[in-house]
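Engineer: final02.pdb is reproduced in full below (PDB, C-alpha atoms).
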ATOM      1  CA  MET A 983     -35.943 -52.322  33.830  1.00  0.00           C
ATOM      2  CA  LEU A 984     -35.450 -51.603  30.130  1.00  0.00           C
ATOM      3  CA  LEU A 985     -36.433 -47.958  30.614  1.00  0.00           C
ATOM      4  CA  HIS A 986     -34.212 -47.680  33.687  1.00  0.00           C
ATOM      5  CA  ASP A 987     -31.232 -49.276  31.938  1.00  0.00           C
ATOM      6  CA  THR A 988     -31.716 -47.182  28.809  1.00  0.00           C
ATOM      7  CA  ALA A 989     -31.903 -43.973  30.841  1.00  0.00           C
ATOM      8  CA  LEU A 990     -28.717 -44.982  32.684  1.00  0.00           C
ATOM      9  CA  ILE A 991     -26.751 -45.591  29.474  1.00  0.00           C
ATOM     10  CA  TYR A 992     -28.266 -42.530  27.790  1.00  0.00           C
ATOM     11  CA  GLY A 993     -27.293 -40.278  30.699  1.00  0.00           C
ATOM     12  CA  ARG A 994     -23.728 -41.596  30.702  1.00  0.00           C
ATOM     13  CA  TYR A 995     -23.140 -40.874  27.029  1.00  0.00           C
ATOM     14  CA  LEU A 996     -25.044 -37.592  27.022  1.00  0.00           C
ATOM     15  CA  ARG A 997     -22.800 -36.305  29.806  1.00  0.00           C
ATOM     16  CA  GLN A 998     -19.802 -37.252  27.693  1.00  0.00           C
ATOM     17  CA  SER A 999     -21.201 -35.226  24.782  1.00  0.00           C
ATOM     18  CA  LEU A1000     -21.974 -32.213  26.961  1.00  0.00           C
ATOM     19  CA  ARG A1001     -18.402 -32.187  28.245  1.00  0.00           C
ATOM     20  CA  SER A1002     -17.234 -31.765  24.627  1.00  0.00           C
ATOM     21  CA  ARG A1003     -19.220 -28.705  23.600  1.00  0.00           C
ATOM     22  CA  PHE A1004     -16.828 -27.894  20.771  1.00  0.00           C
ATOM     23  CA  ALA A1005     -17.631 -31.251  19.152  1.00  0.00           C
ATOM     24  CA  LEU A1006     -21.365 -30.487  19.411  1.00  0.00           C
ATOM     25  CA  LEU A1007     -20.917 -27.341  17.339  1.00  0.00           C
ATOM     26  CA  PHE A1008     -18.243 -28.746  15.027  1.00  0.00           C
ATOM     27  CA  GLY A1009     -20.589 -31.514  13.863  1.00  0.00           C
ATOM     28  CA  VAL A1010     -22.898 -28.999  12.203  1.00  0.00           C
ATOM     29  CA  LEU A1011     -20.051 -27.182  10.431  1.00  0.00           C
ATOM     30  CA  THR A1012     -20.152 -29.064   7.098  1.00  0.00           C
ATOM     31  CA  PRO A1013     -23.899 -28.654   6.389  1.00  0.00           C
ATOM     32  CA  LEU A1014     -23.627 -25.051   7.594  1.00  0.00           C
ATOM     33  CA  LEU A1015     -20.899 -24.382   5.025  1.00  0.00           C
ATOM     34  CA  TYR A1016     -23.110 -25.908   2.334  1.00  0.00           C
ATOM     35  CA  LEU A1017     -25.897 -23.618   3.493  1.00  0.00           C
ATOM     36  CA  LEU A1018     -23.736 -20.502   3.435  1.00  0.00           C
ATOM     37  CA  PHE A1019     -21.742 -21.083   0.250  1.00  0.00           C
ATOM     38  CA  PHE A1020     -23.909 -23.414  -1.851  1.00  0.00           C
ATOM     39  CA  GLY A1021     -27.379 -22.167  -0.958  1.00  0.00           C
ATOM     40  CA  PRO A1022     -27.068 -18.695  -2.539  1.00  0.00           C
ATOM     41  CA  LEU A1023     -26.012 -20.292  -5.856  1.00  0.00           C
ATOM     42  CA  LEU A1024     -29.433 -21.973  -6.105  1.00  0.00           C
ATOM     43  CA  THR A1025     -31.507 -18.856  -5.516  1.00  0.00           C
ATOM     44  CA  GLY A1026     -33.957 -18.366  -8.362  1.00  0.00           C
ATOM     45  CA  LEU A1027     -32.969 -21.525 -10.226  1.00  0.00           C
ATOM     46  CA  PRO A1028     -35.741 -23.899 -11.445  1.00  0.00           C
ATOM     47  CA  LEU A1029     -35.178 -26.941  -9.233  1.00  0.00           C
ATOM     48  CA  GLY A1030     -38.331 -28.835 -10.114  1.00  0.00           C
ATOM     49  CA  GLY A1031     -41.230 -28.928  -7.710  1.00  0.00           C
ATOM     50  CA  THR A1032     -42.871 -26.376  -5.491  1.00  0.00           C
ATOM     51  CA  GLY A1033     -41.252 -24.107  -2.967  1.00  0.00           C
ATOM     52  CA  SER A1034     -38.127 -21.987  -2.914  1.00  0.00           C
ATOM     53  CA  SER A1035     -34.567 -23.172  -3.350  1.00  0.00           C
ATOM     54  CA  TRP A1036     -34.154 -23.026   0.449  1.00  0.00           C
ATOM     55  CA  GLN A1037     -37.107 -25.403   0.857  1.00  0.00           C
ATOM     56  CA  VAL A1038     -35.269 -27.814  -1.439  1.00  0.00           C
ATOM     57  CA  LEU A1039     -31.775 -27.468   0.008  1.00  0.00           C
ATOM     58  CA  VAL A1040     -32.386 -27.319   3.775  1.00  0.00           C
ATOM     59  CA  PRO A1041     -34.247 -30.668   4.057  1.00  0.00           C
ATOM     60  CA  GLY A1042     -31.360 -32.332   2.238  1.00  0.00           C
ATOM     61  CA  LEU A1043     -28.814 -30.734   4.560  1.00  0.00           C
ATOM     62  CA  LEU A1044     -30.769 -31.887   7.614  1.00  0.00           C
ATOM     63  CA  LEU A1045     -30.690 -35.486   6.458  1.00  0.00           C
ATOM     64  CA  GLN A1046     -27.057 -35.138   5.384  1.00  0.00           C
ATOM     65  CA  LEU A1047     -26.311 -34.195   8.981  1.00  0.00           C
ATOM     66  CA  GLY A1048     -27.944 -37.399  10.223  1.00  0.00           C
ATOM     67  CA  LEU A1049     -26.516 -39.551   7.459  1.00  0.00           C
ATOM     68  CA  PHE A1050     -22.846 -38.745   7.930  1.00  0.00           C
ATOM     69  CA  GLY A1051     -22.918 -38.142  11.658  1.00  0.00           C
ATOM     70  CA  ALA A1052     -24.767 -41.323  12.566  1.00  0.00           C
ATOM     71  CA  LEU A1053     -22.886 -43.582  10.161  1.00  0.00           C
ATOM     72  CA  PHE A1054     -19.559 -42.679  11.755  1.00  0.00           C
ATOM     73  CA  ALA A1055     -20.835 -43.152  15.327  1.00  0.00           C
ATOM     74  CA  GLY A1056     -19.449 -46.699  15.343  1.00  0.00           C
ATOM     75  CA  PHE A1057     -15.901 -45.398  15.698  1.00  0.00           C
ATOM     76  CA  THR A1058     -16.606 -44.787  19.387  1.00  0.00           C
ATOM     77  CA  VAL A1059     -17.590 -48.387  20.057  1.00  0.00           C
ATOM     78  CA  ILE A1060     -14.366 -49.596  18.404  1.00  0.00           C
ATOM     79  CA  ILE A1061     -12.393 -47.411  20.830  1.00  0.00           C
ATOM     80  CA  GLU A1062     -14.466 -48.664  23.759  1.00  0.00           C
ATOM     81  CA  LYS A1063     -13.859 -52.262  22.725  1.00  0.00           C
ATOM     82  CA  GLY A1064     -10.130 -51.654  22.768  1.00  0.00           C
ATOM     83  CA  GLN A1065     -10.362 -50.137  26.245  1.00  0.00           C
ATOM     84  CA  GLY A1066     -12.517 -52.969  27.596  1.00  0.00           C
ATOM     85  CA  VAL A1067     -15.521 -50.710  28.265  1.00  0.00           C
ATOM     86  CA  VAL A1068     -17.921 -52.777  26.140  1.00  0.00           C
ATOM     87  CA  GLU A1069     -16.997 -56.054  27.822  1.00  0.00           C
ATOM     88  CA  ARG A1070     -17.373 -54.569  31.295  1.00  0.00           C
ATOM     89  CA  MET A1071     -20.862 -53.376  30.354  1.00  0.00           C
ATOM     90  CA  ARG A1072     -21.831 -56.715  28.835  1.00  0.00           C
ATOM     91  CA  VAL A1073     -21.050 -58.682  32.016  1.00  0.00           C
ATOM     92  CA  THR A1074     -23.529 -56.528  33.974  1.00  0.00           C
ATOM     93  CA  PRO A1075     -27.267 -57.392  34.088  1.00  0.00           C
ATOM     94  CA  VAL A1076     -28.059 -54.333  31.931  1.00  0.00           C
ATOM     95  CA  SER A1077     -30.358 -55.132  29.000  1.00  0.00           C
ATOM     96  CA  ARG A1078     -28.513 -55.607  25.704  1.00  0.00           C
ATOM     97  CA  LEU A1079     -31.189 -53.519  24.009  1.00  0.00           C
ATOM     98  CA  ALA A1080     -30.518 -50.739  26.529  1.00  0.00           C
ATOM     99  CA  LEU A1081     -26.789 -50.847  25.696  1.00  0.00           C
ATOM    100  CA  LEU A1082     -27.724 -49.928  22.144  1.00  0.00           C
ATOM    101  CA  LEU A1083     -30.733 -47.665  22.788  1.00  0.00           C
ATOM    102  CA  GLY A1084     -28.858 -45.494  25.280  1.00  0.00           C
ATOM    103  CA  ARG A1085     -26.182 -44.809  22.687  1.00  0.00           C
ATOM    104  CA  VAL A1086     -28.462 -44.145  19.720  1.00  0.00           C
ATOM    105  CA  LEU A1087     -30.853 -41.959  21.724  1.00  0.00           C
ATOM    106  CA  ARG A1088     -27.874 -39.839  22.755  1.00  0.00           C
ATOM    107  CA  ASP A1089     -26.892 -39.559  19.091  1.00  0.00           C
ATOM    108  CA  ALA A1090     -30.454 -38.607  18.114  1.00  0.00           C
ATOM    109  CA  THR A1091     -30.497 -35.896  20.796  1.00  0.00           C
ATOM    110  CA  VAL A1092     -27.195 -34.452  19.578  1.00  0.00           C
ATOM    111  CA  PHE A1093     -28.127 -34.421  15.891  1.00  0.00           C
ATOM    112  CA  VAL A1094     -31.585 -32.963  16.467  1.00  0.00           C
ATOM    113  CA  PHE A1095     -29.914 -30.190  18.481  1.00  0.00           C
ATOM    114  CA  GLN A1096     -27.526 -29.575  15.583  1.00  0.00           C
ATOM    115  CA  ALA A1097     -30.473 -29.665  13.159  1.00  0.00           C
ATOM    116  CA  VAL A1098     -32.156 -26.900  15.169  1.00  0.00           C
ATOM    117  CA  LEU A1099     -29.009 -24.754  14.845  1.00  0.00           C
ATOM    118  CA  LEU A1100     -28.930 -25.408  11.096  1.00  0.00           C
ATOM    119  CA  VAL A1101     -32.583 -24.447  10.626  1.00  0.00           C
ATOM    120  CA  LEU A1102     -32.112 -21.250  12.652  1.00  0.00           C
ATOM    121  CA  ALA A1103     -29.235 -20.286  10.357  1.00  0.00           C
ATOM    122  CA  ALA A1104     -31.353 -21.121   7.309  1.00  0.00           C
ATOM    123  CA  LEU A1105     -34.228 -18.958   8.600  1.00  0.00           C
ATOM    124  CA  ALA A1106     -31.788 -16.064   8.918  1.00  0.00           C
ATOM    125  CA  MET A1107     -30.731 -16.601   5.287  1.00  0.00           C
ATOM    126  CA  GLY A1108     -34.246 -16.612   3.879  1.00  0.00           C
ATOM    127  CA  LEU A1109     -35.848 -20.004   4.508  1.00  0.00           C
ATOM    128  CA  ARG A1110     -39.604 -19.829   4.969  1.00  0.00           C
ATOM    129  CA  ALA A1111     -41.365 -23.035   5.991  1.00  0.00           C
ATOM    130  CA  PRO A1112     -44.357 -23.971   8.177  1.00  0.00           C
ATOM    131  CA  VAL A1113     -43.581 -24.805  11.794  1.00  0.00           C
ATOM    132  CA  THR A1114     -45.257 -28.204  11.396  1.00  0.00           C
ATOM    133  CA  GLY A1115     -43.054 -29.005   8.437  1.00  0.00           C
ATOM    134  CA  ILE A1116     -39.915 -28.014  10.359  1.00  0.00           C
ATOM    135  CA  LEU A1117     -40.911 -30.226  13.287  1.00  0.00           C
ATOM    136  CA  ILE A1118     -41.581 -33.137  10.913  1.00  0.00           C
ATOM    137  CA  GLY A1119     -38.089 -32.620   9.527  1.00  0.00           C
ATOM    138  CA  PHE A1120     -36.619 -32.948  13.013  1.00  0.00           C
ATOM    139  CA  GLY A1121     -38.589 -36.171  13.449  1.00  0.00           C
ATOM    140  CA  PHE A1122     -37.055 -37.626  10.304  1.00  0.00           C
ATOM    141  CA  VAL A1123     -33.578 -36.587  11.458  1.00  0.00           C
ATOM    142  CA  ALA A1124     -34.186 -38.452  14.721  1.00  0.00           C
ATOM    143  CA  LEU A1125     -35.411 -41.616  12.972  1.00  0.00           C
ATOM    144  CA  LEU A1126     -32.551 -41.538  10.476  1.00  0.00           C
ATOM    145  CA  THR A1127     -30.073 -41.157  13.323  1.00  0.00           C
ATOM    146  CA  LEU A1128     -31.602 -44.029  15.306  1.00  0.00           C
ATOM    147  CA  SER A1129     -31.426 -46.357  12.315  1.00  0.00           C
ATOM    148  CA  LEU A1130     -27.987 -45.463  10.967  1.00  0.00           C
ATOM    149  CA  ALA A1131     -26.355 -45.207  14.395  1.00  0.00           C
ATOM    150  CA  SER A1132     -27.712 -48.686  15.233  1.00  0.00           C
ATOM    151  CA  LEU A1133     -26.240 -50.006  11.998  1.00  0.00           C
ATOM    152  CA  SER A1134     -22.954 -48.203  12.624  1.00  0.00           C
ATOM    153  CA  TYR A1135     -22.601 -49.593  16.147  1.00  0.00           C
ATOM    154  CA  ALA A1136     -23.357 -53.092  14.867  1.00  0.00           C
ATOM    155  CA  LEU A1137     -20.622 -52.747  12.245  1.00  0.00           C
ATOM    156  CA  GLY A1138     -18.297 -51.251  14.846  1.00  0.00           C
ATOM    157  CA  MET A1139     -18.814 -54.286  17.085  1.00  0.00           C
ATOM    158  CA  LYS A1140     -17.813 -56.543  14.203  1.00  0.00           C
ATOM    159  CA  ALA A1141     -14.860 -54.471  12.957  1.00  0.00           C
ATOM    160  CA  ARG A1142     -11.501 -55.125  14.557  1.00  0.00           C
ATOM    161  CA  THR A1143      -9.838 -51.803  13.775  1.00  0.00           C
ATOM    162  CA  PRO A1144     -10.848 -48.290  12.638  1.00  0.00           C
ATOM    163  CA  GLN A1145      -8.940 -49.003   9.422  1.00  0.00           C
ATOM    164  CA  GLU A1146     -11.482 -51.709   8.592  1.00  0.00           C
ATOM    165  CA  PHE A1147     -14.458 -49.616   9.640  1.00  0.00           C
ATOM    166  CA  GLY A1148     -13.713 -46.360   7.789  1.00  0.00           C
ATOM    167  CA  PRO A1149     -13.675 -47.652   4.179  1.00  0.00           C
ATOM    168  CA  LEU A1150     -16.817 -49.690   4.825  1.00  0.00           C
ATOM    169  CA  ILE A1151     -18.711 -46.633   6.011  1.00  0.00           C
ATOM    170  CA  ASN A1152     -17.456 -44.538   3.097  1.00  0.00           C
ATOM    171  CA  MET A1153     -18.673 -47.240   0.726  1.00  0.00           C
ATOM    172  CA  VAL A1154     -22.171 -46.807   2.185  1.00  0.00           C
ATOM    173  CA  SER A1155     -22.268 -43.053   2.768  1.00  0.00           C
ATOM    174  CA  MET A1156     -21.050 -41.652  -0.551  1.00  0.00           C
ATOM    175  CA  PRO A1157     -23.460 -43.532  -2.879  1.00  0.00           C
ATOM    176  CA  SER A1158     -26.255 -42.817  -0.409  1.00  0.00           C
ATOM    177  CA  MET A1159     -25.547 -39.084  -0.529  1.00  0.00           C
ATOM    178  CA  LEU A1160     -25.223 -38.955  -4.309  1.00  0.00           C
ATOM    179  CA  LEU A1161     -28.294 -41.081  -5.100  1.00  0.00           C
ATOM    180  CA  SER A1162     -30.717 -39.806  -2.462  1.00  0.00           C
ATOM    181  CA  GLY A1163     -30.937 -36.280  -3.863  1.00  0.00           C
ATOM    182  CA  LEU A1164     -29.663 -34.541  -0.753  1.00  0.00           C
ATOM    183  CA  MET A1165     -28.301 -31.546  -2.637  1.00  0.00           C
ATOM    184  CA  LEU A1166     -30.725 -31.394  -5.572  1.00  0.00           C
ATOM    185  CA  PRO A1167     -33.935 -33.299  -6.406  1.00  0.00           C
ATOM    186  CA  MET A1168     -33.329 -36.483  -8.365  1.00  0.00           C
ATOM    187  CA  THR A1169     -36.091 -35.415 -10.758  1.00  0.00           C
ATOM    188  CA  LEU A1170     -33.419 -33.199 -12.334  1.00  0.00           C
ATOM    189  CA  ALA A1171     -31.247 -36.252 -13.077  1.00  0.00           C
ATOM    190  CA  PRO A1172     -31.291 -38.380 -16.237  1.00  0.00           C
ATOM    191  CA  ALA A1173     -34.062 -40.964 -16.273  1.00  0.00           C
ATOM    192  CA  TRP A1174     -31.753 -43.930 -15.557  1.00  0.00           C
ATOM    193  CA  LEU A1175     -30.224 -42.173 -12.549  1.00  0.00           C
ATOM    194  CA  ASN A1176     -33.640 -41.191 -11.233  1.00  0.00           C
ATOM    195  CA  VAL A1177     -34.778 -44.816 -11.452  1.00  0.00           C
ATOM    196  CA  LEU A1178     -31.619 -46.047  -9.718  1.00  0.00           C
ATOM    197  CA  SER A1179     -32.137 -43.598  -6.866  1.00  0.00           C
ATOM    198  CA  HIS A1180     -35.428 -45.298  -5.948  1.00  0.00           C
ATOM    199  CA  PHE A1181     -33.389 -48.251  -4.647  1.00  0.00           C
ATOM    200  CA  VAL A1182     -31.763 -45.972  -2.052  1.00  0.00           C
ATOM    201  CA  PRO A1183     -34.091 -45.760   0.977  1.00  0.00           C
ATOM    202  CA  PHE A1184     -32.885 -42.304   2.008  1.00  0.00           C
ATOM    203  CA  ARG A1185     -34.408 -40.765  -1.101  1.00  0.00           C
ATOM    204  CA  TYR A1186     -37.890 -41.376   0.313  1.00  0.00           C
ATOM    205  CA  LEU A1187     -36.998 -39.512   3.498  1.00  0.00           C
ATOM    206  CA  VAL A1188     -35.621 -36.550   1.543  1.00  0.00           C
ATOM    207  CA  ASP A1189     -38.746 -36.321  -0.627  1.00  0.00           C
ATOM    208  CA  ALA A1190     -40.975 -36.512   2.465  1.00  0.00           C
ATOM    209  CA  VAL A1191     -39.183 -33.707   4.302  1.00  0.00           C
ATOM    210  CA  ARG A1192     -39.239 -31.508   1.193  1.00  0.00           C
ATOM    211  CA  ASP A1193     -43.007 -31.986   0.984  1.00  0.00           C
ATOM    212  CA  ALA A1194     -43.296 -31.083   4.671  1.00  0.00           C
ATOM    213  CA  TYR A1195     -41.297 -27.896   4.149  1.00  0.00           C
ATOM    214  CA  VAL A1196     -43.842 -26.640   1.601  1.00  0.00           C
ATOM    215  CA  GLY A1197     -46.801 -27.608   3.794  1.00  0.00           C
ATOM    216  CA  GLN A1198     -47.803 -30.788   1.943  1.00  0.00           C
ATOM    217  CA  TYR A1199     -48.359 -33.539   4.503  1.00  0.00           C
ATOM    218  CA  ALA A1200     -50.910 -35.949   2.993  1.00  0.00           C
ATOM    219  CA  THR A1201     -48.791 -37.051   0.024  1.00  0.00           C
ATOM    220  CA  ALA A1202     -47.413 -40.312  -1.301  1.00  0.00           C
ATOM    221  CA  HIS A1203     -43.888 -39.054  -0.575  1.00  0.00           C
ATOM    222  CA  MET A1204     -44.815 -38.532   3.078  1.00  0.00           C
ATOM    223  CA  LEU A1205     -46.380 -41.986   3.358  1.00  0.00           C
ATOM    224  CA  TYR A1206     -43.415 -43.739   1.763  1.00  0.00           C
ATOM    225  CA  GLY A1207     -40.967 -41.677   3.834  1.00  0.00           C
ATOM    226  CA  VAL A1208     -42.635 -42.597   7.133  1.00  0.00           C
ATOM    227  CA  LEU A1209     -42.896 -46.287   6.215  1.00  0.00           C
ATOM    228  CA  VAL A1210     -39.260 -46.484   5.118  1.00  0.00           C
ATOM    229  CA  ALA A1211     -37.978 -44.543   8.144  1.00  0.00           C
ATOM    230  CA  VAL A1212     -39.935 -46.576  10.708  1.00  0.00           C
ATOM    231  CA  GLY A1213     -39.271 -49.909   9.011  1.00  0.00           C
ATOM    232  CA  PHE A1214     -35.556 -49.269   8.579  1.00  0.00           C
ATOM    233  CA  THR A1215     -35.259 -48.124  12.195  1.00  0.00           C
ATOM    234  CA  ALA A1216     -36.990 -51.255  13.505  1.00  0.00           C
ATOM    235  CA  LEU A1217     -34.762 -53.470  11.357  1.00  0.00           C
ATOM    236  CA  THR A1218     -31.460 -51.849  12.303  1.00  0.00           C
ATOM    237  CA  VAL A1219     -32.260 -51.649  16.033  1.00  0.00           C
ATOM    238  CA  THR A1220     -33.114 -55.363  15.968  1.00  0.00           C
ATOM    239  CA  VAL A1221     -29.864 -56.194  14.167  1.00  0.00           C
ATOM    240  CA  GLY A1222     -27.835 -53.939  16.446  1.00  0.00           C
ATOM    241  CA  THR A1223     -29.305 -55.502  19.589  1.00  0.00           C
ATOM    242  CA  ARG A1224     -28.527 -58.992  18.323  1.00  0.00           C
ATOM    243  CA  VAL A1225     -24.949 -57.998  17.581  1.00  0.00           C
ATOM    244  CA  PHE A1226     -24.508 -56.485  21.048  1.00  0.00           C
ATOM    245  CA  ARG A1227     -25.851 -59.710  22.515  1.00  0.00           C
ATOM    246  CA  THR A1228     -23.684 -62.133  20.542  1.00  0.00           C
ATOM    247  CA  ALA A1229     -20.524 -60.390  19.317  1.00  0.00           C
ATOM    248  CA  GLY A1230     -17.491 -61.734  21.105  1.00  0.00           C
ATOM    249  CA  ALA A1231     -19.603 -64.092  23.233  1.00  0.00           C
TER     250      ALA A1231
END
Starting from the coordinates I provided, produce the structure as structure tokens.
Structural biologist:
Amino acid sequence: MLLHDTALIYGRYLRQSLRSRFALLFGVLTPLLYLLFFGPLLTGLPLGGTGSSWQVLVPGLLLQLGLFGALFAGFTVIIEKGQGVVERMRVTPVSRLALLLGRVLRDATVFVFQAVLLVLAALAMGLRAPVTGILIGFGFVALLTLSLASLSYALGMKARTPQEFGPLINMVSMPSMLLSGLMLPMTLAPAWLNVLSHFVPFRYLVDAVRDAYVGQYATAHMLYGVLVAVGFTALTVTVGTRVFRTAGA
């Protein structure tokens, strides 16, 4: 029943996304602009570590796509609450976990699709990376989306208005972007800033994907990245399911 319910919710929201094809492409616009206008500035610069500047920048842009896109997913559940959609779903026998999983799996599908478009553009601009490493990067995008979208929907269920939700998400997203080394490796930062960045879980995902893009898979960065991604996803899905079960009850 869980698989059936999840597939039902997933199909509903995926059809909504497919009807808005402009939004599918618009979501990848910001990281694509970074790729086009910021990437060439890094060519040939010593960025610390192995690989080209594209192998440093593109993994960060992939996770930036998941970070900002998934964190703002909760706006949709606020709108649905106001329209009574959430309450109508909650009075059905559909699993509460499925109500969340269907949504976040749709988000993961959308952002992985956008990540593929971004990588294709990066390949055209000069990125060279092993196929295995690229696929691992897509896997991290999916896990990041599952975790942050679950958290965003949980916050959206608790927030009463978009005006409450927006500043809260910005408070999470901006420090996460600046301290996770999405644009440049944190090894280039002052020592105190590098140490502080280790308290941001997204840094471990960025380091893992950068290792994958240079063909290094059996590294400490990869191990820590997988553990953090899987653990954070399990935690946020559990919290999100509990919120969907109890909020407003």
Engineer: As a check of understanding, name the residues that the PyMOL selection byres ((chain A and resi 983) around 10) selects in the supplied structure, as JSON, numbers by chain.
Structural biologist: {"A": [984, 985, 986, 987, 988, 989, 1076, 1077, 1080]}
Engineer: Could you tell me which residues the PyMOL selection byres ((chain A and resi 1120-1131) around 8) grabs in this file, written as a PDB file with C-alpha atoms, in the coordinates of the input?
Structural biologist:
ATOM      1  CA  LEU A1044     -30.769 -31.887   7.614  1.00  0.00           C
ATOM      2  CA  LEU A1045     -30.690 -35.486   6.458  1.00  0.00           C
ATOM      3  CA  GLY A1048     -27.944 -37.399  10.223  1.00  0.00           C
ATOM      4  CA  LEU A1049     -26.516 -39.551   7.459  1.00  0.00           C
ATOM      5  CA  GLY A1051     -22.918 -38.142  11.658  1.00  0.00           C
ATOM      6  CA  ALA A1052     -24.767 -41.323  12.566  1.00  0.00           C
ATOM      7  CA  LEU A1053     -22.886 -43.582  10.161  1.00  0.00           C
ATOM      8  CA  PHE A1054     -19.559 -42.679  11.755  1.00  0.00           C
ATOM      9  CA  ALA A1055     -20.835 -43.152  15.327  1.00  0.00           C
ATOM     10  CA  GLY A1056     -19.449 -46.699  15.343  1.00  0.00           C
ATOM     11  CA  VAL A1086     -28.462 -44.145  19.720  1.00  0.00           C
ATOM     12  CA  LEU A1087     -30.853 -41.959  21.724  1.00  0.00           C
ATOM     13  CA  ASP A1089     -26.892 -39.559  19.091  1.00  0.00           C
ATOM     14  CA  ALA A1090     -30.454 -38.607  18.114  1.00  0.00           C
ATOM     15  CA  THR A1091     -30.497 -35.896  20.796  1.00  0.00           C
ATOM     16  CA  PHE A1093     -28.127 -34.421  15.891  1.00  0.00           C
ATOM     17  CA  VAL A1094     -31.585 -32.963  16.467  1.00  0.00           C
ATOM     18  CA  ALA A1097     -30.473 -29.665  13.159  1.00  0.00           C
ATOM     19  CA  VAL A1098     -32.156 -26.900  15.169  1.00  0.00           C
ATOM     20  CA  ILE A1116     -39.915 -28.014  10.359  1.00  0.00           C
ATOM     21  CA  LEU A1117     -40.911 -30.226  13.287  1.00  0.00           C
ATOM     22  CA  ILE A1118     -41.581 -33.137  10.913  1.00  0.00           C
ATOM     23  CA  GLY A1119     -38.089 -32.620   9.527  1.00  0.00           C
ATOM     24  CA  SER A1132     -27.712 -48.686  15.233  1.00  0.00           C
ATOM     25  CA  LEU A1133     -26.240 -50.006  11.998  1.00  0.00           C
ATOM     26  CA  SER A1134     -22.954 -48.203  12.624  1.00  0.00           C
ATOM     27  CA  TYR A1135     -22.601 -49.593  16.147  1.00  0.00           C
ATOM     28  CA  LEU A1187     -36.998 -39.512   3.498  1.00  0.00           C
ATOM     29  CA  VAL A1191     -39.183 -33.707   4.302  1.00  0.00           C
ATOM     30  CA  ALA A1211     -37.978 -44.543   8.144  1.00  0.00           C
ATOM     31  CA  VAL A1212     -39.935 -46.576  10.708  1.00  0.00           C
ATOM     32  CA  PHE A1214     -35.556 -49.269   8.579  1.00  0.00           C
ATOM     33  CA  THR A1215     -35.259 -48.124  12.195  1.00  0.00           C
ATOM     34  CA  ALA A1216     -36.990 -51.255  13.505  1.00  0.00           C
ATOM     35  CA  LEU A1217     -34.762 -53.470  11.357  1.00  0.00           C
ATOM     36  CA  THR A1218     -31.460 -51.849  12.303  1.00  0.00           C
ATOM     37  CA  VAL A1219     -32.260 -51.649  16.033  1.00  0.00           C
TER      38      VAL A1219
END
Engineer: The PyMOL selection byres ((chain A and resi 1136-1150) around 8) - which residues does that actually catch in the file I just gave you? List them as a list in words.
Structural biologist: Phe1054, Gly1056, Phe1057, Val1059, Ile1060, Lys1063, Ser1132, Leu1133, Ser1134, Tyr1135, Ile1151, Asn1152, Met1153, Val1154, Val1221, Gly1222, Thr1223, Val1225, Phe1226 and Ala1229 of chain A
Engineer: So that I can see what lies close to A:His1203, please list as a PyMOL selection string the residues with an atom at most 9 Å from it, counting all atoms listed in the file and leaving out residues fewer than 6 positions away in the same chain.
Structural biologist: chain A and resi 1186-1191+1193
Engineer: Which polymer residues have any atom within 6 Å of an atom of stretch 991-994 of chain A, counting all atoms listed in the file, with same-chain residues fewer than 4 positions away left out, as number ranges by chain?
Structural biologist: A: 1084-1085, 1088
Engineer: For atom CA of A:Leu1105 and atom CA of A:Met1156, quote the distance in Å rounded to one decimal.
Structural biologist: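 Atom-to-atom, atom CA of A:Leu1105 to atom CA of A:Met1156, that is 27.8 Å.
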Engineer: Once 4 Å is added on each side, what are the centre and the three edge lengths, in Å to one decimal, of the axis-aligned box enclosing the listed atoms of stretch 1029-1041 of chain A? Present them as lines of an AutoDock Vina configuration file.
Structural biologist:
center_x = -37.3
center_y = -26.3
center_z = -3.0
size_x = 19.1
size_y = 16.7
size_z = 22.2
Engineer: Write out, as a tab-separated table, each residue of stretch 1035-1066 of chain A that has an atom at most 12 Å from stretch 1161-1172 of chain A, together with the closest pair of atoms and their distance in Å to one decimal, counting all atoms listed in the file, rows going by chain and rising number.
Structural biologist:
residue	atom	partner	partner_atom	distance
A:Ser1035	CA	A:Leu1166	CA	9.3
A:Trp1036	CA	A:Met1165	CA	10.8
A:Gln1037	CA	A:Leu1166	CA	10.9
A:Val1038	CA	A:Leu1166	CA	7.1
A:Leu1039	CA	A:Met1165	CA	6.0
A:Val1040	CA	A:Met1165	CA	8.7
A:Pro1041	CA	A:Leu1164	CA	7.7
A:Gly1042	CA	A:Leu1164	CA	4.1
A:Leu1043	CA	A:Leu1164	CA	6.6
A:Leu1044	CA	A:Leu1164	CA	8.8
A:Leu1045	CA	A:Leu1164	CA	7.3
A:Gln1046	CA	A:Leu1164	CA	6.7
A:Leu1047	CA	A:Leu1164	CA	10.3
A:Gly1048	CA	A:Leu1164	CA	11.5
A:Leu1049	CA	A:Leu1164	CA	10.1
A:Phe1050	CA	A:Leu1164	CA	11.8
Engineer: Pick out the closest residue to A:Phe1008 from this set: A:Leu1100, A:Val1182, A:Leu1029, A:Val1177. Count only C-alpha atoms.
Structural biologist: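 Smallest distance to A:Phe1008 is found for A:Leu1100.
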Engineer: Nearest to A:Leu1014: which of A:Met1107, A:Leu990, A:Ile1061, A:Leu1175 is it, counting only C-alpha atoms?
Structural biologist: A:Met1107
